[in-house]
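Data block for input.txt (compact mmCIF, C-alpha atoms):
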# COMPACT_ATOMS: atom_id res chain seq x y z
CA MET A 1 -82.63 -49.96 33.00
CA GLN A 2 -83.20 -52.83 30.80
CA ILE A 3 -83.76 -52.40 27.16
CA PRO A 4 -86.15 -54.77 25.48
CA ASP A 5 -84.56 -57.22 23.17
CA PRO A 6 -85.87 -55.93 19.80
CA ILE A 7 -84.36 -52.50 20.38
CA ARG A 8 -81.02 -53.80 21.66
CA PRO A 9 -79.28 -54.18 18.24
CA TYR A 10 -80.25 -50.61 17.38
CA ALA A 11 -79.01 -49.34 20.70
CA ASP A 12 -75.72 -51.13 20.14
CA LEU A 13 -75.46 -49.54 16.68
CA ILE A 14 -76.17 -46.12 18.19
CA ARG A 15 -73.56 -46.77 20.89
CA VAL A 16 -70.96 -47.81 18.28
CA GLY A 17 -71.89 -44.75 16.22
CA LEU A 18 -71.40 -42.50 19.22
CA TRP A 19 -68.05 -44.10 19.96
CA ALA A 20 -67.06 -43.65 16.31
CA LEU A 21 -68.26 -40.04 16.42
CA LEU A 22 -66.24 -39.45 19.59
CA ALA A 23 -63.14 -41.07 18.06
CA GLY A 24 -63.59 -39.03 14.86
CA GLY A 25 -63.98 -35.83 16.89
CA LEU A 26 -60.84 -36.59 18.84
CA PHE A 27 -59.01 -37.36 15.59
CA VAL A 28 -60.14 -34.10 13.97
CA ALA A 29 -59.28 -32.16 17.13
CA GLY A 30 -55.82 -33.78 17.21
CA CYS A 31 -55.28 -32.99 13.56
CA GLN A 32 -56.35 -29.41 14.14
CA ARG A 33 -53.98 -29.16 17.11
CA GLY A 34 -51.16 -30.62 14.97
CA GLU A 35 -51.85 -28.10 12.23
CA ASP A 36 -51.79 -25.28 14.79
CA LYS A 37 -48.54 -26.60 16.23
CA ALA A 38 -47.04 -26.92 12.73
CA ALA A 39 -48.17 -23.36 11.94
CA ALA A 40 -46.58 -22.12 15.16
CA ASN A 41 -43.34 -23.95 14.33
CA ALA A 42 -43.43 -22.49 10.83
CA GLU A 43 -43.95 -19.01 12.30
CA VAL A 44 -40.92 -19.51 14.58
CA SER A 45 -38.85 -20.68 11.61
CA ILE A 46 -39.96 -17.69 9.55
CA THR A 47 -39.08 -15.33 12.41
CA LYS A 48 -35.61 -16.90 12.73
CA ALA A 49 -35.08 -16.69 8.98
CA ASN A 50 -36.12 -13.01 9.00
CA GLU A 51 -33.71 -12.29 11.86
CA GLN A 52 -30.89 -14.07 10.01
CA ARG A 53 -31.73 -12.11 6.85
CA ASP A 54 -31.67 -8.83 8.80
CA ASP A 55 -28.34 -9.77 10.39
CA ALA A 56 -26.93 -10.68 6.98
CA ARG A 57 -28.10 -7.33 5.59
CA LYS A 58 -26.48 -5.47 8.49
CA GLU A 59 -23.25 -7.41 8.00
CA ALA A 60 -23.32 -6.77 4.24
CA ALA A 61 -23.90 -3.06 4.85
CA GLU A 62 -20.97 -2.99 7.29
CA ASN A 63 -18.77 -4.85 4.80
CA LEU A 64 -19.77 -2.41 2.06
CA ARG A 65 -18.97 0.56 4.31
CA ALA A 66 -15.58 -0.95 5.16
CA ALA A 67 -14.88 -1.65 1.48
CA ASN A 68 -15.77 1.95 0.59
CA ALA A 69 -13.49 3.24 3.36
CA CYS A 70 -10.68 1.02 2.05
CA GLY A 71 -11.32 2.35 -1.45
CA VAL A 72 -11.01 5.94 -0.22
CA LEU A 73 -7.79 5.11 1.64
CA LEU A 74 -6.45 3.36 -1.44
CA GLU A 75 -7.23 6.44 -3.53
CA GLN A 76 -5.38 8.62 -1.01
CA VAL A 77 -2.37 6.30 -1.04
CA ASN A 78 -2.50 6.29 -4.84
CA ASP A 79 -2.58 10.10 -4.91
CA GLN A 80 0.32 10.31 -2.45
CA THR A 81 2.29 7.80 -4.47
CA GLN A 82 1.69 9.76 -7.66
CA ALA A 83 2.72 12.99 -5.91
CA SER A 84 5.91 11.28 -4.69
CA ILE A 85 6.62 10.02 -8.21
CA ASN A 86 6.11 13.53 -9.61
CA ALA A 87 8.34 15.07 -6.91
CA ALA A 88 11.03 12.45 -7.57
CA GLU A 89 10.88 13.20 -11.30
CA LEU A 90 11.26 16.94 -10.62
CA ALA A 91 14.16 16.25 -8.25
CA ARG A 92 15.82 14.01 -10.85
CA LYS A 93 15.47 16.71 -13.52
CA ALA A 94 16.88 19.31 -11.12
CA ALA A 95 19.77 16.98 -10.25
CA ASP A 96 20.46 16.35 -13.95
CA GLU A 97 20.44 20.09 -14.61
CA ALA A 98 22.74 20.75 -11.65
CA ALA A 99 25.07 17.97 -12.81
CA SER A 100 25.24 19.40 -16.32
CA ARG A 101 25.95 22.89 -14.87
CA ALA A 102 28.67 21.39 -12.65
CA GLU A 103 30.19 19.59 -15.63
CA ALA A 104 30.16 22.85 -17.60
CA ALA A 105 31.74 24.71 -14.67
CA ALA A 106 34.36 21.98 -14.28
CA ALA A 107 35.13 22.10 -17.99
CA GLU A 108 35.42 25.90 -17.81
CA GLY A 109 37.70 25.63 -14.75
CA GLN A 110 39.81 23.03 -16.53
CA ARG A 111 40.03 25.27 -19.61
CA ARG A 112 41.08 28.23 -17.44
CA ALA A 113 43.63 26.11 -15.55
CA THR A 114 45.09 24.88 -18.86
CA ALA A 115 45.21 28.44 -20.20
CA ALA A 116 46.91 29.63 -16.98
CA GLU A 117 49.42 26.76 -17.19
CA LYS A 118 50.22 27.68 -20.79
CA ALA A 119 50.58 31.38 -19.85
CA LEU A 120 52.92 30.42 -16.98
CA GLN A 121 55.03 28.27 -19.28
CA ALA A 122 55.14 31.09 -21.82
CA ALA A 123 56.17 33.55 -19.05
CA LYS A 124 58.97 31.20 -17.93
CA MET A 125 60.35 31.23 -21.46
CA LYS A 126 60.86 35.00 -21.40
CA PRO A 127 63.98 35.99 -19.42
CA VAL A 128 62.45 39.15 -17.88
CA CYS A 129 59.35 37.33 -16.66
CA ARG A 130 61.45 34.38 -15.47
CA SER A 131 63.55 36.63 -13.21
CA GLN A 132 60.39 38.17 -11.74
CA LEU A 133 58.93 34.73 -11.17
CA GLU A 134 62.05 33.56 -9.34
CA MET A 135 62.01 36.57 -7.04
CA GLN A 136 61.32 35.88 -3.33
CA LEU A 137 58.11 37.53 -2.16
CA CYS A 138 57.18 38.69 1.30
CA ASP A 139 56.34 35.82 3.64
CA SER A 140 53.30 37.64 4.98
CA ILE A 141 51.60 37.58 1.56
CA PRO A 142 50.02 34.17 1.02
CA LEU A 143 50.38 32.58 -2.36
CA LEU A 144 47.12 31.71 -4.01
Would you mind writing the structure in this file as structure tokens?
Amino acid sequence: MQIPDPIRPYADLIRVGLWALLAGGLFVAGCQRGEDKAAANAEVSITKANEQRDDARKEAAENLRAANACGVLLEQVNDQTQASINAAELARKAADEAASRAEAAAAEGQRRATAAEKALQAAKMKPVCRSQLEMQLCDSIPLL
């Protein structure tokens, strides 16, 4: 179909307008698609960040549980150490007391031995006792 000449410039303008409208529609549609794609990418990023946050929370909770367990074990070790220190102190006191008793017993034994030695020397000075001391005893009686 042939368009008469006076209408031709208007038809060309309408054609250019339609092409511009089509190009604008495609541009807007592309922009809308880009926004949707960006929103989808943002949603994926948010989901990954939430998963990482949840994993970090789980790991932090596990670390806290382990730290609490270590604290309890450390308290038990501390209590056992304190009990060992107390027992060692009691044993040291008992050993000191036993040592002082042994020293007293040794001193008493030494005093008795010295007194016996002096009594023996005094008995040797008396002639009657000396003769009895020099007497041979029975071999079956052990000397103490």
| request: Provide the CA of Ala122 in chain A to CA of Glu134 in chain A distance in Å, to one decimal place. | output: 14.5 Å
| request: Mind giving me the straight-line distance from CA of Leu120 in chain A to CA of Leu133 in chain A in Å, one decimal? | output: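 If I compute the distance from CA of Leu120 in chain A to CA of Leu133 in chain A, I get 9.4 Å.
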| Separation of CA of Gln136 in chain A and CA of Lys124 in chain A, in Å? |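 Those two atoms sit 15.5 Å apart.
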Could you work out an axis-aligned box for range 76-85 of chain A, taking every atom the file lists and adding 8 Å on each side, and report centre and edge lengths in Å to one decimal, as JSON?
{"center_x": 0.6, "center_y": 9.6, "center_z": -4.6, "size_x": 28.0, "size_y": 22.7, "size_z": 23.2}
Range 101-112 of chain A rebuilt with all heavy atoms, output as a short mmCIF file (atom, residue, chain, number, x, y, z; two decimals), keeping the file's coordinate frame:
data_model
loop_
_atom_site.label_atom_id
_atom_site.label_comp_id
_atom_site.auth_asym_id
_atom_site.auth_seq_id
_atom_site.Cartn_x
_atom_site.Cartn_y
_atom_site.Cartn_z
N ARG A 101 25.32 21.60 -15.19
CA ARG A 101 25.95 22.89 -14.87
C ARG A 101 27.31 22.67 -14.21
O ARG A 101 28.28 23.39 -14.49
CB ARG A 101 25.05 23.72 -13.97
CG ARG A 101 23.91 24.41 -14.69
CD ARG A 101 23.25 25.49 -13.84
NE ARG A 101 22.87 25.03 -12.52
CZ ARG A 101 21.64 24.66 -12.15
NH1 ARG A 101 20.67 24.71 -13.02
NH2 ARG A 101 21.41 24.25 -10.92
N ALA A 102 27.40 21.68 -13.33
CA ALA A 102 28.67 21.39 -12.65
C ALA A 102 29.70 20.89 -13.65
O ALA A 102 30.89 21.25 -13.57
CB ALA A 102 28.46 20.35 -11.55
N GLU A 103 29.26 20.07 -14.60
CA GLU A 103 30.19 19.59 -15.63
C GLU A 103 30.69 20.76 -16.48
O GLU A 103 31.88 20.83 -16.81
CB GLU A 103 29.50 18.55 -16.52
CG GLU A 103 29.32 17.20 -15.85
CD GLU A 103 28.52 16.23 -16.73
OE1 GLU A 103 28.15 16.59 -17.87
OE2 GLU A 103 28.29 15.11 -16.26
N ALA A 104 29.76 21.67 -16.81
CA ALA A 104 30.16 22.85 -17.60
C ALA A 104 31.13 23.71 -16.81
O ALA A 104 32.14 24.20 -17.35
CB ALA A 104 28.93 23.65 -18.01
N ALA A 105 30.85 23.91 -15.51
CA ALA A 105 31.74 24.71 -14.67
C ALA A 105 33.09 24.03 -14.53
O ALA A 105 34.15 24.70 -14.57
CB ALA A 105 31.11 24.93 -13.30
N ALA A 106 33.10 22.70 -14.39
CA ALA A 106 34.36 21.98 -14.28
C ALA A 106 35.15 22.09 -15.58
O ALA A 106 36.39 22.26 -15.57
CB ALA A 106 34.11 20.51 -13.93
N ALA A 107 34.45 21.98 -16.69
CA ALA A 107 35.13 22.10 -17.99
C ALA A 107 35.71 23.50 -18.15
O ALA A 107 36.84 23.67 -18.63
CB ALA A 107 34.15 21.78 -19.12
N GLU A 108 34.94 24.51 -17.74
CA GLU A 108 35.42 25.90 -17.81
C GLU A 108 36.62 26.09 -16.90
O GLU A 108 37.61 26.73 -17.27
CB GLU A 108 34.29 26.88 -17.43
CG GLU A 108 34.67 28.33 -17.41
CD GLU A 108 35.08 28.87 -18.79
OE1 GLU A 108 34.68 28.28 -19.81
OE2 GLU A 108 35.79 29.89 -18.83
N GLY A 109 36.56 25.54 -15.68
CA GLY A 109 37.70 25.63 -14.75
C GLY A 109 38.92 24.92 -15.32
O GLY A 109 40.05 25.42 -15.19
N GLN A 110 38.69 23.75 -15.92
CA GLN A 110 39.81 23.03 -16.53
C GLN A 110 40.41 23.83 -17.68
O GLN A 110 41.63 23.90 -17.84
CB GLN A 110 39.33 21.66 -17.03
CG GLN A 110 40.42 20.80 -17.63
CD GLN A 110 41.48 20.41 -16.61
OE1 GLN A 110 41.18 20.21 -15.44
NE2 GLN A 110 42.72 20.32 -17.05
N ARG A 111 39.56 24.45 -18.49
CA ARG A 111 40.03 25.27 -19.61
C ARG A 111 40.86 26.44 -19.09
O ARG A 111 41.93 26.75 -19.61
CB ARG A 111 38.84 25.76 -20.43
CG ARG A 111 39.24 26.49 -21.72
CD ARG A 111 38.05 27.09 -22.42
NE ARG A 111 37.32 28.07 -21.63
CZ ARG A 111 37.72 29.32 -21.39
NH1 ARG A 111 38.87 29.76 -21.86
NH2 ARG A 111 36.98 30.14 -20.66
N ARG A 112 40.36 27.09 -18.01
CA ARG A 112 41.08 28.23 -17.44
C ARG A 112 42.42 27.78 -16.85
O ARG A 112 43.43 28.47 -16.97
CB ARG A 112 40.24 28.91 -16.36
CG ARG A 112 39.13 29.75 -16.93
CD ARG A 112 38.41 30.47 -15.81
NE ARG A 112 37.30 31.24 -16.31
CZ ARG A 112 36.45 31.87 -15.55
NH1 ARG A 112 36.57 31.83 -14.23
NH2 ARG A 112 35.46 32.55 -16.08
#
